[in-house]
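Everything on this sheet refers to the single structure shown next.
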Amino acid sequence: MKNLILVCFLFQCILGFSQKKTLQTKFTSEKIILDGKLDEVIWQSVPIATNFVMFQPDNGKPIPENKRTEVRVLYDNEAIYIGALLYDNEPNKILKEITPRDDFGAADFFGIFINGYNDGQQNFQFFVNAPNGQADCLATDSNGEDYSWDSVWDSKTLMTSFGWAVEMRIPYAALRFSSEKKQTWGVNFFREIRRDRQKYSWNFIDSKIGTFTQQNGILEGIENITPPTRLFFLPYASFYTYANDEQKTYGELKGGLDIKYGINDAFTLDAMLIPDFGQTKYDDRILNLTPFEQQFNENRGFFTEGTDLFSKGNLFYSRRIGGPPPYSPETNTNEKIIEDPTSVDLYNATKVSGRTKGGLGIGYLNAITKKTYATIKDTITQETRRVLVEPLTNYNVLVFDQRFHKNSSISLINTNVTRNGSFRDGNVTGLIWDLNTTKNTYNLFGNLEYSYVNDIEEKKKGINTSISFAETSGKFRYNLGSKLVTKDFDNNDLGIIFETNYYSFDGFTSYRILSPTKIFNSFNTNINSNIQFQKETGKLQSNEINLNVNSTTKKNHYVGFGINYRPVEVYNYYEPRTEGRYSIDPSRLGGFFSISTNYNNKFAIDINPSIAVLNEPQRMSYGFFIGPRYRFNDHLALYYNFNFFRQNNNKGYVDSSKDNDELAPNTIIYANRNAINYTNSLNGKYSLSSKMNFNLSARYYWSYTENKSFFQLQDNGRLTPYDNYTEHKDQNLITWNLDVSYNWWFAPGSQLTILYRSNASKYDNLINKDFGNNYTNLLNNHDLSHALSISVKYFIDYNQVKNIL
């Protein structure tokens, strides 16, 4: 009997998954004016998409009649038009915060998902919130939603007595579809009623199935349209004025051009000529005590937009292109560096990406950077010389990603960095597979990557490989995996990797509710564990067990907590910064608690305390994060974050005989230290409209490390007191960043930006524990710089200007 019930249940799931709603559209020769009124006669004759069902939190529940949604679709020779009536029995309670692009804010929104090939691989998603703010993204099941992708389309919303309405015009140039005479598109419509945090879709999206793109409905009726020439130009001009406290002021004029060209209905060429990244967001620098470099977010549009293919295998870290030079200048006696570049300029960058109807995705990215020099001055003769720190360099990424069965893929990726002359070159090739069962219930994922580095004096070859198996549907889910990274695997020329020379095993199991309960709208808990061994010696490098709980209450407050436990000592082969040496880290028990109140409320707050205790006398860490936010009205909002973190009696590397000739050979010095971090940040926005915004972003960061005593690292990984060390190795870093900007989307795809920026930083070995004095001294020192920039970018669509031309 139980088996029969199970079979019936599975049959119903399969049947429900296979059922797709169908909507007919109609050609219009009537001009559609986007005003949210839907008063053109043609709107009344087209079929309606209705009967929405809930996606979250109560998956599958029909939308109430008094909150019904009615959607119509028209098309002409240039675009499709979407008209939606969104009913609400309490229209005065509709949330409508005005926000910048790609920020939904506290507002109701409506969206359409379009798959022009109807192949379940990729959705083009377009959203409009109640105050007419736009958001768009590319969505795949493997990479989720990529909001760095931006397209040019138009919309208009209208608040009404019954709720609100929206009209959208999406040109064919913003989509991908075949050249067939009769089109069949995958489509879905999406709506969120923000005050209830309820999300609905037209075609049912079953949350038990780990896929969005395969659960679209069908749009029929589009015939005899031709994919347009996708050729766009984005010329820009920028003017910068720089000043600092030394009264040095100068101006700089920049100009350039971005080009986007549709090679065919599948592939697009992006080219960036004379790049200008002067208005990208600043980096959140920290005092980094780890043996690994700090990894920064990518803020440059060219390297974030539509780069889902290039993320395959995690072999591409775009900040390598145009980042700090890889070589440091060497000085002689009486010399000092007077100009040390922190970045490398680009000549140009291009990329080609897209996917065929047969599921083959191809991505190609190439960038060339300029020769870069440091300047060194002899303090006695006053003569200067230039030292090459980055030669002319070519960066290249090539990806082939074949998808099949609508939910699986096999990818081949190659990254290559070639430097002119006698400098290091690097090449990495990876094979990645992501295989899912037909009903998306199980997943097999793995990779095999090979690196070859020609570093002139040595050549290195290495392997990075992993495999995992997971159940990906239902209330209970699990994952089992293992990984191997050899000693000489190195993808750091165009990627980033922190740990090598190990093998590991990990496991994960979770439970979640699929429908709300009396207490929770959502609830999930998971336990995961990882164990890692040094490849050559077999010594235990890591052993962690974590428990995490995440929940959302009926009032849409988030509550979560976690416990992390390292039950035994582990061998740390990275902290000594010397090959073959290791130190021993003690067992550890830690935990955190997190609460985030409902962002729909004018006042909301995030709180997150954490603590960890290590099995050494008085060694522990603790921190506290608090983030209040207040929405004064639909135009103005401010967000403040304060983060404090302290480590007591932390043990870590400070010096060695490699860097200090006064130390005996093979000597490594550790410090017993207290490390304290403070981060204050303030963000705000004032939106005149969805196309005109003022933005504020400020960050003050202070971190210092105070050494209390010193130890020598022994060959067995233990530390013994070292009283003869007299170097002053305290560290103190203070940074300040302020951005105030005005952004105006004055035409589709065209933007005017005015940015004021100030920044300062101070790093030394002197610690002043007076918080106020540190802040004042930083802003009064000569390192404080100011910049005012004005940038205009204008979007030109070839299809709109070809007749004029």
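Ordering of the structure tokens sets the chain letters (A, B, ...), residue numbers begin anew at 1 in every chain, and ligands are numbered from 1 in the order given.
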Within 12 Å of region 749-757 of chain A, which residues of region 57-172 of chain A show up? Give each one with its shortest atom-to-atom distance in Å (one decimal) and the two atoms involved, counting only C-alpha atoms, rows by chain then rising residue number, as CSV.
```
residue,atom,partner,partner_atom,distance
A:Arg101,CA,A:Gly749,CA,11.3
A:Gln134,CA,A:Gly749,CA,11.8
A:Asp150,CA,A:Gly749,CA,8.8
A:Ser151,CA,A:Gly749,CA,7.6
A:Val152,CA,A:Gly749,CA,5.5
A:Trp153,CA,A:Gly749,CA,8.3
A:Asp154,CA,A:Gly749,CA,9.9
```
Residue neighbourhood Gly83 (chain A), 10 Å, only C-alpha atoms, exclusion window fewer than 5 positions, as a ChimeraX atom specification: /A:34,36-38,43,48,70-74,155-157,165-169
Find the spatial neighbours of Lys539 (chain A), counting only C-alpha atoms, within a cut-off of 10 Å - ignore same-chain residues fewer than 2 positions away - and output them as a PDB file with C-alpha atoms, in the first residue's frame.
```pdb
ATOM      1  CA  TYR A 502      45.863  18.470  -0.179  1.00  0.00           C
ATOM      2  CA  GLN A 532      41.329  17.798   4.733  1.00  0.00           C
ATOM      3  CA  PHE A 533      44.765  16.153   4.655  1.00  0.00           C
ATOM      4  CA  GLN A 534      48.148  17.410   3.491  1.00  0.00           C
ATOM      5  CA  LYS A 535      48.841  15.376   0.397  1.00  0.00           C
ATOM      6  CA  GLU A 536      52.479  14.439   1.001  1.00  0.00           C
ATOM      7  CA  THR A 537      52.480  13.759   4.745  1.00  0.00           C
ATOM      8  CA  GLN A 541      44.964  20.185   7.823  1.00  0.00           C
ATOM      9  CA  SER A 542      41.294  20.865   8.517  1.00  0.00           C
ATOM     10  CA  VAL A 570      45.171  20.548  12.864  1.00  0.00           C
ATOM     11  CA  TYR A 571      48.404  21.202  10.976  1.00  0.00           C
ATOM     12  CA  ASN A 572      48.569  24.603   9.268  1.00  0.00           C
ATOM     13  CA  TYR A 573      50.943  24.486   6.288  1.00  0.00           C
TER      14      TYR A 573
END
```
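Minimum atom-to-atom distance to Thr735 (chain A), evaluated using only C-alpha atoms, belongs to A:Arg285 out of A:Lys182, A:Arg403, A:Lys483, A:Arg285.
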Atomic distance CA of Phe104 (chain A) - CA of Ala637 (chain A), expressed in Å with one decimal: 13.6 Å
Non-local contacts of Glu180 (chain A) (9 Å; only C-alpha atoms; under 2 positions in same chain excluded) as a list of chain:residue names: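 Those residues are A:Phe177, A:Ser178, A:Lys182, A:Gln183, A:Glu223, A:Asn224, A:Ile225, A:Thr226.
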Residue contacts of Asn297 (chain A) (12 Å, only C-alpha atoms) excluding same-chain residues fewer than 4 positions away, as a ChimeraX atom specification: /A:280-285,301,303-304,317-320,323
Please return, as a PDB file with N, CA and C atoms, in the first residue's frame, all residues of region 299-488 of chain A that DSSP assigns to alpha helix (DSSP H) on the basis of the backbone.
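Below is the file out_34.pdb, written as the result:
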```
ATOM      1  N   GLY A 301      31.991  47.230 -15.164  1.00  0.00           N
ATOM      2  CA  GLY A 301      30.853  46.686 -15.881  1.00  0.00           C
ATOM      3  C   GLY A 301      31.215  45.684 -16.960  1.00  0.00           C
ATOM      4  N   PHE A 302      32.272  45.935 -17.717  1.00  0.00           N
ATOM      5  CA  PHE A 302      32.624  45.038 -18.815  1.00  0.00           C
ATOM      6  C   PHE A 302      32.915  43.631 -18.300  1.00  0.00           C
ATOM      7  N   PHE A 303      33.510  43.533 -17.111  1.00  0.00           N
ATOM      8  CA  PHE A 303      33.907  42.233 -16.584  1.00  0.00           C
ATOM      9  C   PHE A 303      32.842  41.597 -15.693  1.00  0.00           C
ATOM     10  N   THR A 304      31.704  42.277 -15.507  1.00  0.00           N
ATOM     11  CA  THR A 304      30.627  41.668 -14.733  1.00  0.00           C
ATOM     12  C   THR A 304      29.430  41.316 -15.593  1.00  0.00           C
TER      13      THR A 304
END
```
Non-local contacts of Ser161 (chain A) (12 Å; only C-alpha atoms; under 4 positions in same chain excluded) as a list in words: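 Once the nearby chain positions are removed, what remains is Leu85, Leu86, Tyr87, Asp88, Asn89, Glu90, Pro91, Asn92, Lys93, Ile94 and Ala165 of chain A.
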Just the residues within 9 Å of Tyr117 (chain A), please, counting only C-alpha atoms, with nothing from its chain fewer than 4 positions along; format it as a compact mmCIF listing (two decimals) with C-alpha atoms, in the first residue's frame.
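Output (out.txt):
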```txt
# COMPACT_ATOMS: atom_id res chain seq x y z
CA GLN A 121 18.38 26.64 -20.72
CA GLN A 122 18.29 30.38 -20.12
CA ARG A 176 17.61 35.85 -28.45
CA PHE A 177 15.47 33.67 -30.72
CA SER A 178 15.75 31.71 -33.95
CA GLN A 183 8.05 31.14 -33.14
CA THR A 184 7.35 29.20 -29.96
CA TRP A 185 8.78 30.86 -26.87
CA GLY A 186 9.04 29.76 -23.29
CA LYS A 357 19.78 26.48 -30.20
```
d(CA of Tyr511 (chain A), CA of Thr525 (chain A)) in Å: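 One can read the CA of Tyr511 (chain A) to CA of Thr525 (chain A) distance as 5.4 Å.
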Atom pair CA of Ile563 (chain A) / CA of Ser583 (chain A): separation (Å):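 Interatomic distance, CA of Ile563 (chain A) to CA of Ser583 (chain A): 24.9 Å.
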Nearest candidate to Thr418 (chain A) (options A:Val654, A:Ile376, A:Val453, A:Val387; using only C-alpha atoms): A:Val453
